file coords-v9.cif (mmCIF, N, CA and C atoms)
data_work
loop_
_atom_site.label_atom_id
_atom_site.label_comp_id
_atom_site.auth_asym_id
_atom_site.auth_seq_id
_atom_site.Cartn_x
_atom_site.Cartn_y
_atom_site.Cartn_z
N MET X 1 0.83 -1.18 0.00
CA MET X 1 0.00 0.00 0.00
C MET X 1 0.88 1.25 0.00
N PRO X 2 0.57 2.16 -0.85
CA PRO X 2 1.41 3.37 -0.91
C PRO X 2 1.13 4.30 0.27
N ASP X 3 2.19 4.96 0.71
CA ASP X 3 2.04 5.96 1.76
C ASP X 3 1.74 7.30 1.12
N ILE X 4 0.81 8.01 1.70
CA ILE X 4 0.44 9.32 1.19
C ILE X 4 1.16 10.38 2.03
N THR X 5 1.65 11.40 1.39
CA THR X 5 2.37 12.47 2.09
C THR X 5 1.59 13.78 1.98
N GLN X 6 2.04 14.77 2.75
CA GLN X 6 1.40 16.08 2.68
C GLN X 6 1.61 16.69 1.31
N LYS X 7 2.77 16.45 0.71
CA LYS X 7 3.07 17.00 -0.61
C LYS X 7 2.07 16.48 -1.66
N ASP X 8 1.70 15.20 -1.55
CA ASP X 8 0.72 14.64 -2.49
C ASP X 8 -0.63 15.34 -2.36
N ILE X 9 -1.04 15.63 -1.12
CA ILE X 9 -2.33 16.28 -0.90
C ILE X 9 -2.29 17.73 -1.39
N ILE X 10 -1.18 18.42 -1.14
CA ILE X 10 -1.03 19.81 -1.60
C ILE X 10 -1.07 19.85 -3.13
N ASP X 11 -0.35 18.92 -3.78
CA ASP X 11 -0.36 18.85 -5.25
C ASP X 11 -1.76 18.56 -5.78
N LEU X 12 -2.49 17.68 -5.09
CA LEU X 12 -3.86 17.35 -5.51
C LEU X 12 -4.74 18.60 -5.50
N PHE X 13 -4.67 19.38 -4.43
CA PHE X 13 -5.52 20.57 -4.35
C PHE X 13 -5.09 21.65 -5.36
N GLU X 14 -3.79 21.80 -5.60
CA GLU X 14 -3.33 22.78 -6.58
C GLU X 14 -3.77 22.40 -7.99
N GLU X 15 -3.67 21.12 -8.33
CA GLU X 15 -4.14 20.67 -9.65
C GLU X 15 -5.65 20.81 -9.78
N ALA X 16 -6.36 20.57 -8.68
CA ALA X 16 -7.82 20.71 -8.71
C ALA X 16 -8.23 22.16 -8.92
N ALA X 17 -7.52 23.09 -8.30
CA ALA X 17 -7.83 24.51 -8.49
C ALA X 17 -7.55 24.94 -9.93
N LEU X 18 -6.46 24.42 -10.51
CA LEU X 18 -6.14 24.74 -11.90
C LEU X 18 -7.19 24.14 -12.84
N THR X 19 -7.63 22.92 -12.56
CA THR X 19 -8.68 22.29 -13.36
C THR X 19 -9.99 23.05 -13.24
N ASP X 20 -10.27 23.56 -12.05
CA ASP X 20 -11.50 24.32 -11.83
C ASP X 20 -11.53 25.58 -12.70
N ARG X 21 -10.38 26.20 -12.89
CA ARG X 21 -10.31 27.37 -13.78
C ARG X 21 -10.52 27.00 -15.23
N ARG X 22 -10.10 25.79 -15.60
CA ARG X 22 -10.19 25.38 -17.00
C ARG X 22 -11.57 24.84 -17.38
N LEU X 23 -12.38 24.47 -16.40
CA LEU X 23 -13.71 23.95 -16.71
C LEU X 23 -14.59 25.04 -17.30
N PRO X 24 -15.56 24.68 -18.12
CA PRO X 24 -16.46 25.71 -18.67
C PRO X 24 -17.34 26.29 -17.57
N SER X 25 -17.82 27.48 -17.80
CA SER X 25 -18.66 28.14 -16.80
C SER X 25 -20.00 27.42 -16.69
N ALA X 26 -20.67 27.66 -15.58
CA ALA X 26 -21.95 26.98 -15.33
C ALA X 26 -23.02 27.47 -16.30
N TRP X 27 -22.99 28.74 -16.66
CA TRP X 27 -23.96 29.31 -17.59
C TRP X 27 -23.22 29.79 -18.83
N SER X 28 -23.69 29.35 -19.97
CA SER X 28 -23.09 29.84 -21.19
C SER X 28 -23.81 31.10 -21.63
N LYS X 29 -23.05 32.08 -22.05
CA LYS X 29 -23.63 33.34 -22.49
C LYS X 29 -24.10 33.18 -23.93
N GLN X 30 -25.34 33.56 -24.17
CA GLN X 30 -25.87 33.49 -25.52
C GLN X 30 -25.59 34.81 -26.22
N ARG X 31 -25.22 34.69 -27.45
CA ARG X 31 -24.92 35.88 -28.24
C ARG X 31 -26.10 36.18 -29.15
N VAL X 32 -26.61 37.36 -29.01
CA VAL X 32 -27.72 37.79 -29.86
C VAL X 32 -27.19 38.88 -30.78
N THR X 33 -27.48 38.73 -32.04
CA THR X 33 -27.01 39.71 -33.00
C THR X 33 -28.10 39.99 -34.03
N ALA X 34 -28.05 41.16 -34.58
CA ALA X 34 -29.03 41.53 -35.59
C ALA X 34 -28.52 41.27 -36.99
N TRP X 35 -27.26 40.92 -37.11
CA TRP X 35 -26.70 40.67 -38.43
C TRP X 35 -27.13 39.31 -38.96
N LEU X 36 -27.31 39.26 -40.24
CA LEU X 36 -27.63 38.00 -40.87
C LEU X 36 -26.36 37.17 -40.98
N ASP X 37 -26.54 35.86 -40.88
CA ASP X 37 -25.40 34.98 -41.06
C ASP X 37 -25.07 34.90 -42.54
N TYR X 38 -23.80 35.04 -42.85
CA TYR X 38 -23.38 34.95 -44.24
C TYR X 38 -22.10 34.13 -44.30
N ARG X 39 -21.89 33.59 -45.44
CA ARG X 39 -20.73 32.74 -45.64
C ARG X 39 -19.54 33.58 -46.05
N GLN X 40 -18.40 33.31 -45.40
CA GLN X 40 -17.19 34.06 -45.72
C GLN X 40 -16.51 33.47 -46.95
N GLU X 41 -15.71 34.31 -47.57
CA GLU X 41 -14.89 33.81 -48.67
C GLU X 41 -13.88 32.82 -48.12
N LYS X 42 -13.52 31.86 -48.91
CA LYS X 42 -12.64 30.80 -48.45
C LYS X 42 -11.27 31.33 -48.05
N MET X 43 -10.76 32.32 -48.75
CA MET X 43 -9.41 32.82 -48.45
C MET X 43 -9.38 33.62 -47.14
N TYR X 44 -10.51 34.15 -46.68
CA TYR X 44 -10.55 34.93 -45.44
C TYR X 44 -11.07 34.12 -44.25
N MET X 45 -11.41 32.88 -44.48
CA MET X 45 -12.08 32.10 -43.46
C MET X 45 -11.22 31.92 -42.20
N HIS X 46 -9.94 31.74 -42.33
CA HIS X 46 -9.09 31.44 -41.17
C HIS X 46 -8.40 32.66 -40.59
N SER X 47 -8.43 33.77 -41.28
CA SER X 47 -7.69 34.92 -40.77
C SER X 47 -8.59 36.11 -40.44
N TYR X 48 -9.88 35.95 -40.53
CA TYR X 48 -10.78 37.07 -40.30
C TYR X 48 -10.83 37.44 -38.81
N GLU X 49 -10.99 36.46 -37.96
CA GLU X 49 -11.03 36.70 -36.53
C GLU X 49 -9.86 35.98 -35.87
N LYS X 50 -9.42 36.54 -34.77
CA LYS X 50 -8.32 35.93 -34.04
C LYS X 50 -8.79 34.63 -33.40
N ALA X 51 -7.96 33.60 -33.50
CA ALA X 51 -8.33 32.30 -32.96
C ALA X 51 -8.18 32.31 -31.44
N ASN X 52 -9.14 31.76 -30.75
CA ASN X 52 -9.08 31.63 -29.30
C ASN X 52 -8.74 30.18 -28.96
N PHE X 53 -7.66 30.00 -28.22
CA PHE X 53 -7.25 28.66 -27.83
C PHE X 53 -7.59 28.45 -26.36
N ARG X 54 -8.16 27.31 -26.07
CA ARG X 54 -8.50 26.95 -24.70
C ARG X 54 -7.84 25.62 -24.38
N ILE X 55 -7.32 25.52 -23.18
CA ILE X 55 -6.79 24.25 -22.72
C ILE X 55 -7.90 23.56 -21.95
N VAL X 56 -8.38 22.47 -22.48
CA VAL X 56 -9.50 21.75 -21.89
C VAL X 56 -8.93 20.67 -20.96
N PRO X 57 -9.45 20.52 -19.74
CA PRO X 57 -8.93 19.50 -18.84
C PRO X 57 -9.26 18.09 -19.33
N SER X 58 -8.36 17.18 -19.05
CA SER X 58 -8.56 15.80 -19.45
C SER X 58 -9.46 15.09 -18.44
N ALA X 59 -9.81 13.86 -18.74
CA ALA X 59 -10.65 13.07 -17.84
C ALA X 59 -9.92 12.81 -16.52
N ARG X 60 -8.61 12.62 -16.59
CA ARG X 60 -7.79 12.41 -15.39
C ARG X 60 -7.82 13.64 -14.49
N ASP X 61 -7.70 14.82 -15.11
CA ASP X 61 -7.73 16.07 -14.34
C ASP X 61 -9.09 16.26 -13.68
N ILE X 62 -10.16 15.96 -14.38
CA ILE X 62 -11.50 16.12 -13.83
C ILE X 62 -11.73 15.13 -12.69
N GLU X 63 -11.19 13.92 -12.83
CA GLU X 63 -11.34 12.93 -11.76
C GLU X 63 -10.58 13.37 -10.50
N ARG X 64 -9.38 13.93 -10.67
CA ARG X 64 -8.62 14.42 -9.51
C ARG X 64 -9.32 15.64 -8.88
N TRP X 65 -9.96 16.48 -9.71
CA TRP X 65 -10.74 17.61 -9.18
C TRP X 65 -11.91 17.09 -8.35
N GLN X 66 -12.54 16.03 -8.83
CA GLN X 66 -13.67 15.45 -8.12
C GLN X 66 -13.21 14.83 -6.79
N ILE X 67 -12.04 14.20 -6.77
CA ILE X 67 -11.49 13.64 -5.53
C ILE X 67 -11.24 14.75 -4.52
N ALA X 68 -10.66 15.86 -4.98
CA ALA X 68 -10.37 16.97 -4.07
C ALA X 68 -11.65 17.57 -3.50
N THR X 69 -12.68 17.71 -4.32
CA THR X 69 -13.94 18.27 -3.81
C THR X 69 -14.63 17.30 -2.86
N GLU X 70 -14.52 16.00 -3.10
CA GLU X 70 -15.08 15.02 -2.17
C GLU X 70 -14.36 15.07 -0.83
N ILE X 71 -13.04 15.22 -0.86
CA ILE X 71 -12.27 15.33 0.39
C ILE X 71 -12.70 16.58 1.15
N LEU X 72 -12.85 17.69 0.44
CA LEU X 72 -13.30 18.92 1.11
C LEU X 72 -14.69 18.75 1.69
N LYS X 73 -15.55 18.03 0.99
CA LYS X 73 -16.93 17.88 1.44
C LYS X 73 -17.04 16.93 2.64
N GLU X 74 -16.30 15.82 2.61
CA GLU X 74 -16.48 14.78 3.62
C GLU X 74 -15.52 14.88 4.79
N VAL X 75 -14.29 15.30 4.55
CA VAL X 75 -13.28 15.24 5.61
C VAL X 75 -13.20 16.54 6.40
N VAL X 76 -13.14 17.66 5.71
CA VAL X 76 -12.98 18.96 6.37
C VAL X 76 -14.34 19.44 6.85
N GLU X 77 -14.43 19.77 8.16
CA GLU X 77 -15.74 20.11 8.72
C GLU X 77 -16.02 21.61 8.70
N SER X 78 -15.04 22.42 9.01
CA SER X 78 -15.26 23.86 9.14
C SER X 78 -15.29 24.51 7.75
N ILE X 79 -16.27 25.37 7.53
CA ILE X 79 -16.39 26.07 6.25
C ILE X 79 -15.22 27.01 6.06
N GLU X 80 -14.78 27.64 7.16
CA GLU X 80 -13.64 28.56 7.08
C GLU X 80 -12.37 27.81 6.66
N ASN X 81 -12.18 26.60 7.19
CA ASN X 81 -11.00 25.80 6.81
C ASN X 81 -11.09 25.34 5.36
N LYS X 82 -12.30 25.06 4.90
CA LYS X 82 -12.47 24.71 3.48
C LYS X 82 -12.07 25.88 2.59
N LYS X 83 -12.49 27.08 2.99
CA LYS X 83 -12.13 28.27 2.21
C LYS X 83 -10.63 28.51 2.23
N ILE X 84 -10.00 28.30 3.38
CA ILE X 84 -8.54 28.48 3.48
C ILE X 84 -7.83 27.49 2.58
N LEU X 85 -8.23 26.21 2.61
CA LEU X 85 -7.59 25.19 1.77
C LEU X 85 -7.75 25.52 0.29
N TRP X 86 -8.96 25.88 -0.12
CA TRP X 86 -9.20 26.14 -1.55
C TRP X 86 -8.51 27.42 -2.00
N SER X 87 -8.51 28.44 -1.15
CA SER X 87 -7.84 29.69 -1.51
C SER X 87 -6.34 29.48 -1.63
N ARG X 88 -5.78 28.69 -0.74
CA ARG X 88 -4.34 28.42 -0.81
C ARG X 88 -4.01 27.57 -2.05
N ALA X 89 -4.93 26.69 -2.43
CA ALA X 89 -4.72 25.89 -3.64
C ALA X 89 -4.71 26.78 -4.88
N LYS X 90 -5.44 27.92 -4.80
CA LYS X 90 -5.44 28.87 -5.91
C LYS X 90 -4.24 29.81 -5.84
N LYS X 91 -3.30 29.52 -4.95
CA LYS X 91 -2.02 30.23 -4.78
C LYS X 91 -2.21 31.66 -4.27
N ILE X 92 -3.21 31.88 -3.45
CA ILE X 92 -3.37 33.18 -2.80
C ILE X 92 -2.38 33.23 -1.63
N PRO X 93 -1.59 34.29 -1.49
CA PRO X 93 -0.57 34.34 -0.44
C PRO X 93 -1.19 34.32 0.96
N PHE X 94 -0.38 33.84 1.93
CA PHE X 94 -0.85 33.75 3.31
C PHE X 94 -1.19 35.12 3.89
N THR X 95 -0.45 36.16 3.49
CA THR X 95 -0.73 37.50 4.03
C THR X 95 -2.10 37.98 3.59
N GLN X 96 -2.45 37.74 2.34
CA GLN X 96 -3.77 38.14 1.84
C GLN X 96 -4.87 37.31 2.49
N LEU X 97 -4.60 36.02 2.71
CA LEU X 97 -5.58 35.17 3.40
C LEU X 97 -5.78 35.64 4.83
N GLY X 98 -4.69 36.07 5.46
CA GLY X 98 -4.79 36.58 6.82
C GLY X 98 -5.69 37.80 6.91
N ARG X 99 -5.59 38.69 5.92
CA ARG X 99 -6.46 39.86 5.89
C ARG X 99 -7.91 39.47 5.63
N MET X 100 -8.12 38.46 4.79
CA MET X 100 -9.47 38.01 4.47
C MET X 100 -10.17 37.39 5.68
N PHE X 101 -9.42 36.62 6.49
CA PHE X 101 -10.02 35.89 7.59
C PHE X 101 -9.77 36.53 8.96
N GLY X 102 -9.07 37.65 8.99
CA GLY X 102 -8.83 38.35 10.24
C GLY X 102 -7.86 37.66 11.17
N MET X 103 -6.87 36.99 10.59
CA MET X 103 -5.84 36.31 11.38
C MET X 103 -4.47 36.73 10.87
N SER X 104 -3.45 36.36 11.63
CA SER X 104 -2.10 36.64 11.15
C SER X 104 -1.72 35.59 10.10
N ARG X 105 -0.70 35.91 9.32
CA ARG X 105 -0.30 34.98 8.27
C ARG X 105 0.24 33.68 8.85
N ARG X 106 0.88 33.77 10.01
CA ARG X 106 1.41 32.57 10.66
C ARG X 106 0.28 31.66 11.13
N LYS X 107 -0.76 32.26 11.68
CA LYS X 107 -1.92 31.48 12.14
C LYS X 107 -2.63 30.82 10.96
N ILE X 108 -2.77 31.54 9.85
CA ILE X 108 -3.39 30.97 8.64
C ILE X 108 -2.57 29.80 8.14
N LYS X 109 -1.25 29.95 8.11
CA LYS X 109 -0.38 28.87 7.64
C LYS X 109 -0.48 27.67 8.57
N GLU X 110 -0.58 27.93 9.87
CA GLU X 110 -0.71 26.85 10.85
C GLU X 110 -2.03 26.10 10.66
N VAL X 111 -3.13 26.82 10.48
CA VAL X 111 -4.43 26.20 10.26
C VAL X 111 -4.42 25.39 8.97
N TRP X 112 -3.85 25.97 7.93
CA TRP X 112 -3.78 25.28 6.62
C TRP X 112 -2.99 23.98 6.73
N PHE X 113 -1.83 24.04 7.39
CA PHE X 113 -1.00 22.85 7.49
C PHE X 113 -1.63 21.81 8.41
N GLU X 114 -2.31 22.24 9.47
CA GLU X 114 -3.02 21.29 10.33
C GLU X 114 -4.12 20.56 9.57
N GLU X 115 -4.81 21.26 8.68
CA GLU X 115 -5.85 20.61 7.88
C GLU X 115 -5.25 19.61 6.89
N ILE X 116 -4.11 19.95 6.31
CA ILE X 116 -3.43 19.02 5.39
C ILE X 116 -3.05 17.75 6.15
N ILE X 117 -2.49 17.92 7.34
CA ILE X 117 -2.10 16.76 8.16
C ILE X 117 -3.33 15.96 8.57
N TYR X 118 -4.42 16.65 8.91
CA TYR X 118 -5.65 15.97 9.30
C TYR X 118 -6.21 15.14 8.13
N ILE X 119 -6.17 15.69 6.94
CA ILE X 119 -6.65 14.94 5.76
C ILE X 119 -5.78 13.71 5.55
N ARG X 120 -4.47 13.88 5.66
CA ARG X 120 -3.56 12.74 5.49
C ARG X 120 -3.83 11.65 6.52
N LEU X 121 -4.00 12.03 7.79
CA LEU X 121 -4.26 11.04 8.83
C LEU X 121 -5.63 10.38 8.63
N TRP X 122 -6.63 11.15 8.20
CA TRP X 122 -7.95 10.58 7.95
C TRP X 122 -7.89 9.54 6.84
N LEU X 123 -7.15 9.85 5.78
CA LEU X 123 -7.02 8.90 4.67
C LEU X 123 -6.26 7.65 5.12
N GLN X 124 -5.24 7.82 5.95
CA GLN X 124 -4.50 6.66 6.43
C GLN X 124 -5.33 5.80 7.38
N LEU X 125 -6.16 6.43 8.22
CA LEU X 125 -6.99 5.66 9.14
C LEU X 125 -8.08 4.89 8.42
N HIS X 126 -8.61 5.44 7.34
CA HIS X 126 -9.68 4.78 6.59
C HIS X 126 -9.16 4.04 5.37
N GLN X 127 -7.90 3.64 5.42
CA GLN X 127 -7.26 3.00 4.27
C GLN X 127 -7.85 1.63 3.97
N LYS X 128 -8.43 0.98 4.95
CA LYS X 128 -8.97 -0.37 4.74
C LYS X 128 -10.26 -0.34 3.91
N ASN X 129 -10.92 0.81 3.87
CA ASN X 129 -12.11 0.97 3.04
C ASN X 129 -11.68 0.96 1.57
N LYS X 130 -12.36 0.21 0.74
CA LYS X 130 -11.99 0.06 -0.67
C LYS X 130 -12.04 1.39 -1.42
N LYS X 131 -13.08 2.19 -1.16
CA LYS X 131 -13.22 3.47 -1.86
C LYS X 131 -12.08 4.42 -1.49
N VAL X 132 -11.76 4.49 -0.20
CA VAL X 132 -10.68 5.37 0.25
C VAL X 132 -9.34 4.87 -0.26
N ASN X 133 -9.16 3.56 -0.29
CA ASN X 133 -7.91 3.00 -0.80
C ASN X 133 -7.73 3.33 -2.28
N ASP X 134 -8.80 3.29 -3.06
CA ASP X 134 -8.72 3.68 -4.47
C ASP X 134 -8.37 5.17 -4.62
N ILE X 135 -8.94 5.99 -3.74
CA ILE X 135 -8.64 7.42 -3.78
C ILE X 135 -7.16 7.66 -3.49
N ILE X 136 -6.63 6.95 -2.49
CA ILE X 136 -5.20 7.09 -2.15
C ILE X 136 -4.33 6.67 -3.32
N ASP X 137 -4.69 5.56 -3.96
CA ASP X 137 -3.92 5.12 -5.13
C ASP X 137 -3.93 6.17 -6.24
N LYS X 138 -5.06 6.81 -6.45
CA LYS X 138 -5.15 7.82 -7.51
C LYS X 138 -4.40 9.10 -7.14
N ILE X 139 -4.31 9.39 -5.84
CA ILE X 139 -3.56 10.58 -5.42
C ILE X 139 -2.07 10.33 -5.54
N VAL X 140 -1.60 9.18 -5.06
CA VAL X 140 -0.17 8.90 -5.02
C VAL X 140 0.38 8.56 -6.39
N HIS X 141 -0.31 7.72 -7.13
CA HIS X 141 0.15 7.29 -8.45
C HIS X 141 -0.56 8.09 -9.54
N LYS X 142 -0.35 9.40 -9.52
CA LYS X 142 -1.11 10.26 -10.42
C LYS X 142 -0.71 10.10 -11.88
N LYS X 143 0.47 9.61 -12.17
CA LYS X 143 0.91 9.50 -13.57
C LYS X 143 0.55 8.16 -14.19
N THR X 144 0.26 7.14 -13.37
CA THR X 144 0.15 5.79 -13.92
C THR X 144 -1.26 5.34 -14.24
N TYR X 145 -2.29 5.98 -13.71
CA TYR X 145 -3.65 5.50 -14.00
C TYR X 145 -4.26 6.29 -15.15
N ASN X 146 -5.26 5.68 -15.78
CA ASN X 146 -5.94 6.32 -16.91
C ASN X 146 -7.19 7.00 -16.48
#
call {"tool": "encode", "arguments": {"input": "coords-v9.cif", "output": "structure tokens"}}
result
Amino acid sequence: MPDITQKDIIDLFEEAALTDRRLPSAWSKQRVTAWLDYRQEKMYMHSYEKANFRIVPSARDIERWQIATEILKEVVESIENKKILWSRAKKIPFTQLGRMFGMSRRKIKEVWFEEIIYIRLWLQLHQKNKKVNDIIDKIVHKKTYN
């Protein structure tokens, strides 16, 4: 059985926050226009408008995002601690988090690290459960599963 470390959990949350940014928005904006649709000339078809490139998350990234949200939902009890974990995963500095939550940056870092350790210990204690064991395998062996 693989051992899970704090670094694995931190990497999981950072990847989940990045995947969350790449997911499409919940509501798609509809474009209404008064212009009639017309067909462009073939020579101008590819250069008329600037191409927009989007990096779409893979199925693996979405699955790891889902694991991180399940951990936040089931393991972490305090809403404030959930916000601290997710904000830190989005790479918000500890000083800014301290201002947001009315604590010092050292206290925020301490709370954040205690929650990471608590998640690690919770996963290790519930390792005998098949579902939790599969989650641990997907967190630790992030490059090898499909």
call {"tool": "atom_distance", "arguments": {"input": "coords-v9.cif", "atom1": "atom C of Pro57 of chain X", "atom2": "atom N of Ser78 of chain X"}}
result
29.2 Å
call {"tool": "closest_atom_pairs", "arguments": {"input": "coords-v9.cif", "of": "segment 84-117 of chain X", "to": "segment 67-71 of chain X", "cutoff": "12 Å", "atoms": "only C-alpha atoms", "output": "JSON lines"}}
result
{"residue": "X:Leu85", "atom": "CA", "partner": "X:Ala68", "partner_atom": "CA", "distance": 10.5}
{"residue": "X:Trp86", "atom": "CA", "partner": "X:Thr69", "partner_atom": "CA", "distance": 9.5}
{"residue": "X:Ala89", "atom": "CA", "partner": "X:Ala68", "partner_atom": "CA", "distance": 10.6}
{"residue": "X:Glu115", "atom": "CA", "partner": "X:Ile71", "partner_atom": "CA", "distance": 11.2}
{"residue": "X:Ile116", "atom": "CA", "partner": "X:Ile71", "partner_atom": "CA", "distance": 10.8}
call {"tool": "atom_distance", "arguments": {"input": "coords-v9.cif", "atom1": "atom N of Ile10 of chain X", "atom2": "atom C of Ile55 of chain X"}}
result
22.5 Å
call {"tool": "closest_residue", "arguments": {"input": "coords-v9.cif", "among": "X:Ile136, X:Ile117, X:Leu18, X:Ile108", "to": "Val76 of chain X", "atoms": "only C-alpha atoms"}}
result
X:Ile117
call {"tool": "atom_distance", "arguments": {"input": "coords-v9.cif", "atom1": "atom CA of Lys90 of chain X", "atom2": "atom CA of Glu14 of chain X"}}
result
6.5 Å
call {"tool": "residues_near_point", "arguments": {"input": "coords-v9.cif", "point": "(0.9, 7.7, 2.4)", "cutoff": "8 Å", "atoms": "all atoms listed in the file", "output": "PyMOL selection string"}}
result
chain X and resi 1-6+120+123-124+136+140
call {"tool": "write_last_selection", "arguments": {"input": "coords-v9.cif", "atoms": "N, CA and C atoms", "output": "mmCIF file, keeping the file's coordinate frame"}}
result
data_model
loop_
_atom_site.group_PDB
_atom_site.id
_atom_site.type_symbol
_atom_site.label_atom_id
_atom_site.label_comp_id
_atom_site.auth_asym_id
_atom_site.auth_seq_id
_atom_site.Cartn_x
_atom_site.Cartn_y
_atom_site.Cartn_z
ATOM 1 N N MET X 1 0.830 -1.180 0.000
ATOM 2 C CA MET X 1 0.000 0.000 0.000
ATOM 3 C C MET X 1 0.880 1.250 0.000
ATOM 4 N N PRO X 2 0.570 2.160 -0.850
ATOM 5 C CA PRO X 2 1.410 3.370 -0.910
ATOM 6 C C PRO X 2 1.130 4.300 0.270
ATOM 7 N N ASP X 3 2.190 4.960 0.710
ATOM 8 C CA ASP X 3 2.040 5.960 1.760
ATOM 9 C C ASP X 3 1.740 7.300 1.120
ATOM 10 N N ILE X 4 0.810 8.010 1.700
ATOM 11 C CA ILE X 4 0.440 9.320 1.190
ATOM 12 C C ILE X 4 1.160 10.380 2.030
ATOM 13 N N THR X 5 1.650 11.400 1.390
ATOM 14 C CA THR X 5 2.370 12.470 2.090
ATOM 15 C C THR X 5 1.590 13.780 1.980
ATOM 16 N N GLN X 6 2.040 14.770 2.750
ATOM 17 C CA GLN X 6 1.400 16.080 2.680
ATOM 18 C C GLN X 6 1.610 16.690 1.310
ATOM 19 N N ARG X 120 -4.470 13.880 5.660
ATOM 20 C CA ARG X 120 -3.560 12.740 5.490
ATOM 21 C C ARG X 120 -3.830 11.650 6.520
ATOM 22 N N LEU X 123 -7.150 9.850 5.780
ATOM 23 C CA LEU X 123 -7.020 8.900 4.670
ATOM 24 C C LEU X 123 -6.260 7.650 5.120
ATOM 25 N N GLN X 124 -5.240 7.820 5.950
ATOM 26 C CA GLN X 124 -4.500 6.660 6.430
ATOM 27 C C GLN X 124 -5.330 5.800 7.380
ATOM 28 N N ILE X 136 -6.630 6.950 -2.490
ATOM 29 C CA ILE X 136 -5.200 7.090 -2.150
ATOM 30 C C ILE X 136 -4.330 6.670 -3.320
ATOM 31 N N VAL X 140 -1.600 9.180 -5.060
ATOM 32 C CA VAL X 140 -0.170 8.900 -5.020
ATOM 33 C C VAL X 140 0.380 8.560 -6.390
#
call {"tool": "residues_near_point", "arguments": {"input": "coords-v9.cif", "point": "(-2.4, 26.6, 4.0)", "cutoff": "6.5 Å", "atoms": "only N, CA and C atoms", "output": "mmCIF file with N, CA and C atoms, keeping the file's coordinate frame"}}
result
data_model
loop_
_atom_site.group_PDB
_atom_site.id
_atom_site.type_symbol
_atom_site.label_atom_id
_atom_site.label_comp_id
_atom_site.auth_asym_id
_atom_site.auth_seq_id
_atom_site.Cartn_x
_atom_site.Cartn_y
_atom_site.Cartn_z
ATOM 1 N N ILE X 84 -10.000 28.300 3.380
ATOM 2 C CA ILE X 84 -8.540 28.480 3.480
ATOM 3 C C ILE X 84 -7.830 27.490 2.580
ATOM 4 N N LEU X 85 -8.230 26.210 2.610
ATOM 5 C CA LEU X 85 -7.590 25.190 1.770
ATOM 6 C C LEU X 85 -7.750 25.520 0.290
ATOM 7 N N ARG X 88 -5.780 28.690 -0.740
ATOM 8 C CA ARG X 88 -4.340 28.420 -0.810
ATOM 9 C C ARG X 88 -4.010 27.570 -2.050
ATOM 10 N N ILE X 108 -2.770 31.540 9.850
ATOM 11 C CA ILE X 108 -3.390 30.970 8.640
ATOM 12 C C ILE X 108 -2.570 29.800 8.140
ATOM 13 N N LYS X 109 -1.250 29.950 8.110
ATOM 14 C CA LYS X 109 -0.380 28.870 7.640
ATOM 15 C C LYS X 109 -0.480 27.670 8.570
ATOM 16 N N GLU X 110 -0.580 27.930 9.870
ATOM 17 C CA GLU X 110 -0.710 26.850 10.850
ATOM 18 C C GLU X 110 -2.030 26.100 10.660
ATOM 19 N N VAL X 111 -3.130 26.820 10.480
ATOM 20 C CA VAL X 111 -4.430 26.200 10.260
ATOM 21 C C VAL X 111 -4.420 25.390 8.970
ATOM 22 N N TRP X 112 -3.850 25.970 7.930
ATOM 23 C CA TRP X 112 -3.780 25.280 6.620
ATOM 24 C C TRP X 112 -2.990 23.980 6.730
ATOM 25 N N PHE X 113 -1.830 24.040 7.390
ATOM 26 C CA PHE X 113 -1.000 22.850 7.490
ATOM 27 C C PHE X 113 -1.630 21.810 8.410
#
call {"tool": "closest_residue", "arguments": {"input": "coords-v9.cif", "among": "X:Ala16, X:Ser104, X:Lys128, X:Asn81", "to": "Gln66 of chain X", "atoms": "only N, CA and C atoms"}}
result
X:Ala16
call {"tool": "select_by_dssp", "arguments": {"input": "coords-v9.cif", "residues": "chain X", "states": "helix (DSSP H, G or I)", "output": "PyMOL selection string"}}
result
chain X and resi 6-22+42-44+59-74+79-89+94-101+105-125+130-140
call {"tool": "closest_residue", "arguments": {"input": "coords-v9.cif", "among": "X:Lys7, X:Ala17, X:Lys107, X:Pro93", "to": "Arg64 of chain X", "atoms": "only N, CA and C atoms"}}
result
X:Ala17
call {"tool": "decode", "arguments": {"input": "coords-v9.cif", "residues": "segment 51-73 of chain X", "atoms": "C-alpha atoms", "output": "mmCIF file, in the first residue's frame"}}
result
data_model
loop_
_atom_site.group_PDB
_atom_site.id
_atom_site.type_symbol
_atom_site.label_atom_id
_atom_site.label_comp_id
_atom_site.auth_asym_id
_atom_site.auth_seq_id
_atom_site.Cartn_x
_atom_site.Cartn_y
_atom_site.Cartn_z
ATOM 1 C CA ALA X 51 -8.333 32.302 -32.957
ATOM 2 C CA ASN X 52 -9.081 31.626 -29.305
ATOM 3 C CA PHE X 53 -7.245 28.660 -27.825
ATOM 4 C CA ARG X 54 -8.496 26.947 -24.701
ATOM 5 C CA ILE X 55 -6.785 24.251 -22.718
ATOM 6 C CA VAL X 56 -9.497 21.746 -21.889
ATOM 7 C CA PRO X 57 -8.934 19.498 -18.838
ATOM 8 C CA SER X 58 -8.561 15.797 -19.452
ATOM 9 C CA ALA X 59 -10.649 13.074 -17.835
ATOM 10 C CA ARG X 60 -7.793 12.410 -15.388
ATOM 11 C CA ASP X 61 -7.734 16.067 -14.337
ATOM 12 C CA ILE X 62 -11.502 16.122 -13.827
ATOM 13 C CA GLU X 63 -11.339 12.933 -11.760
ATOM 14 C CA ARG X 64 -8.623 14.417 -9.507
ATOM 15 C CA TRP X 65 -10.743 17.605 -9.183
ATOM 16 C CA GLN X 66 -13.670 15.447 -8.115
ATOM 17 C CA ILE X 67 -11.493 13.637 -5.531
ATOM 18 C CA ALA X 68 -10.371 16.973 -4.069
ATOM 19 C CA THR X 69 -13.939 18.266 -3.813
ATOM 20 C CA GLU X 70 -15.078 15.016 -2.170
ATOM 21 C CA ILE X 71 -12.273 15.331 0.387
ATOM 22 C CA LEU X 72 -13.297 18.917 1.106
ATOM 23 C CA LYS X 73 -16.927 17.878 1.443
#
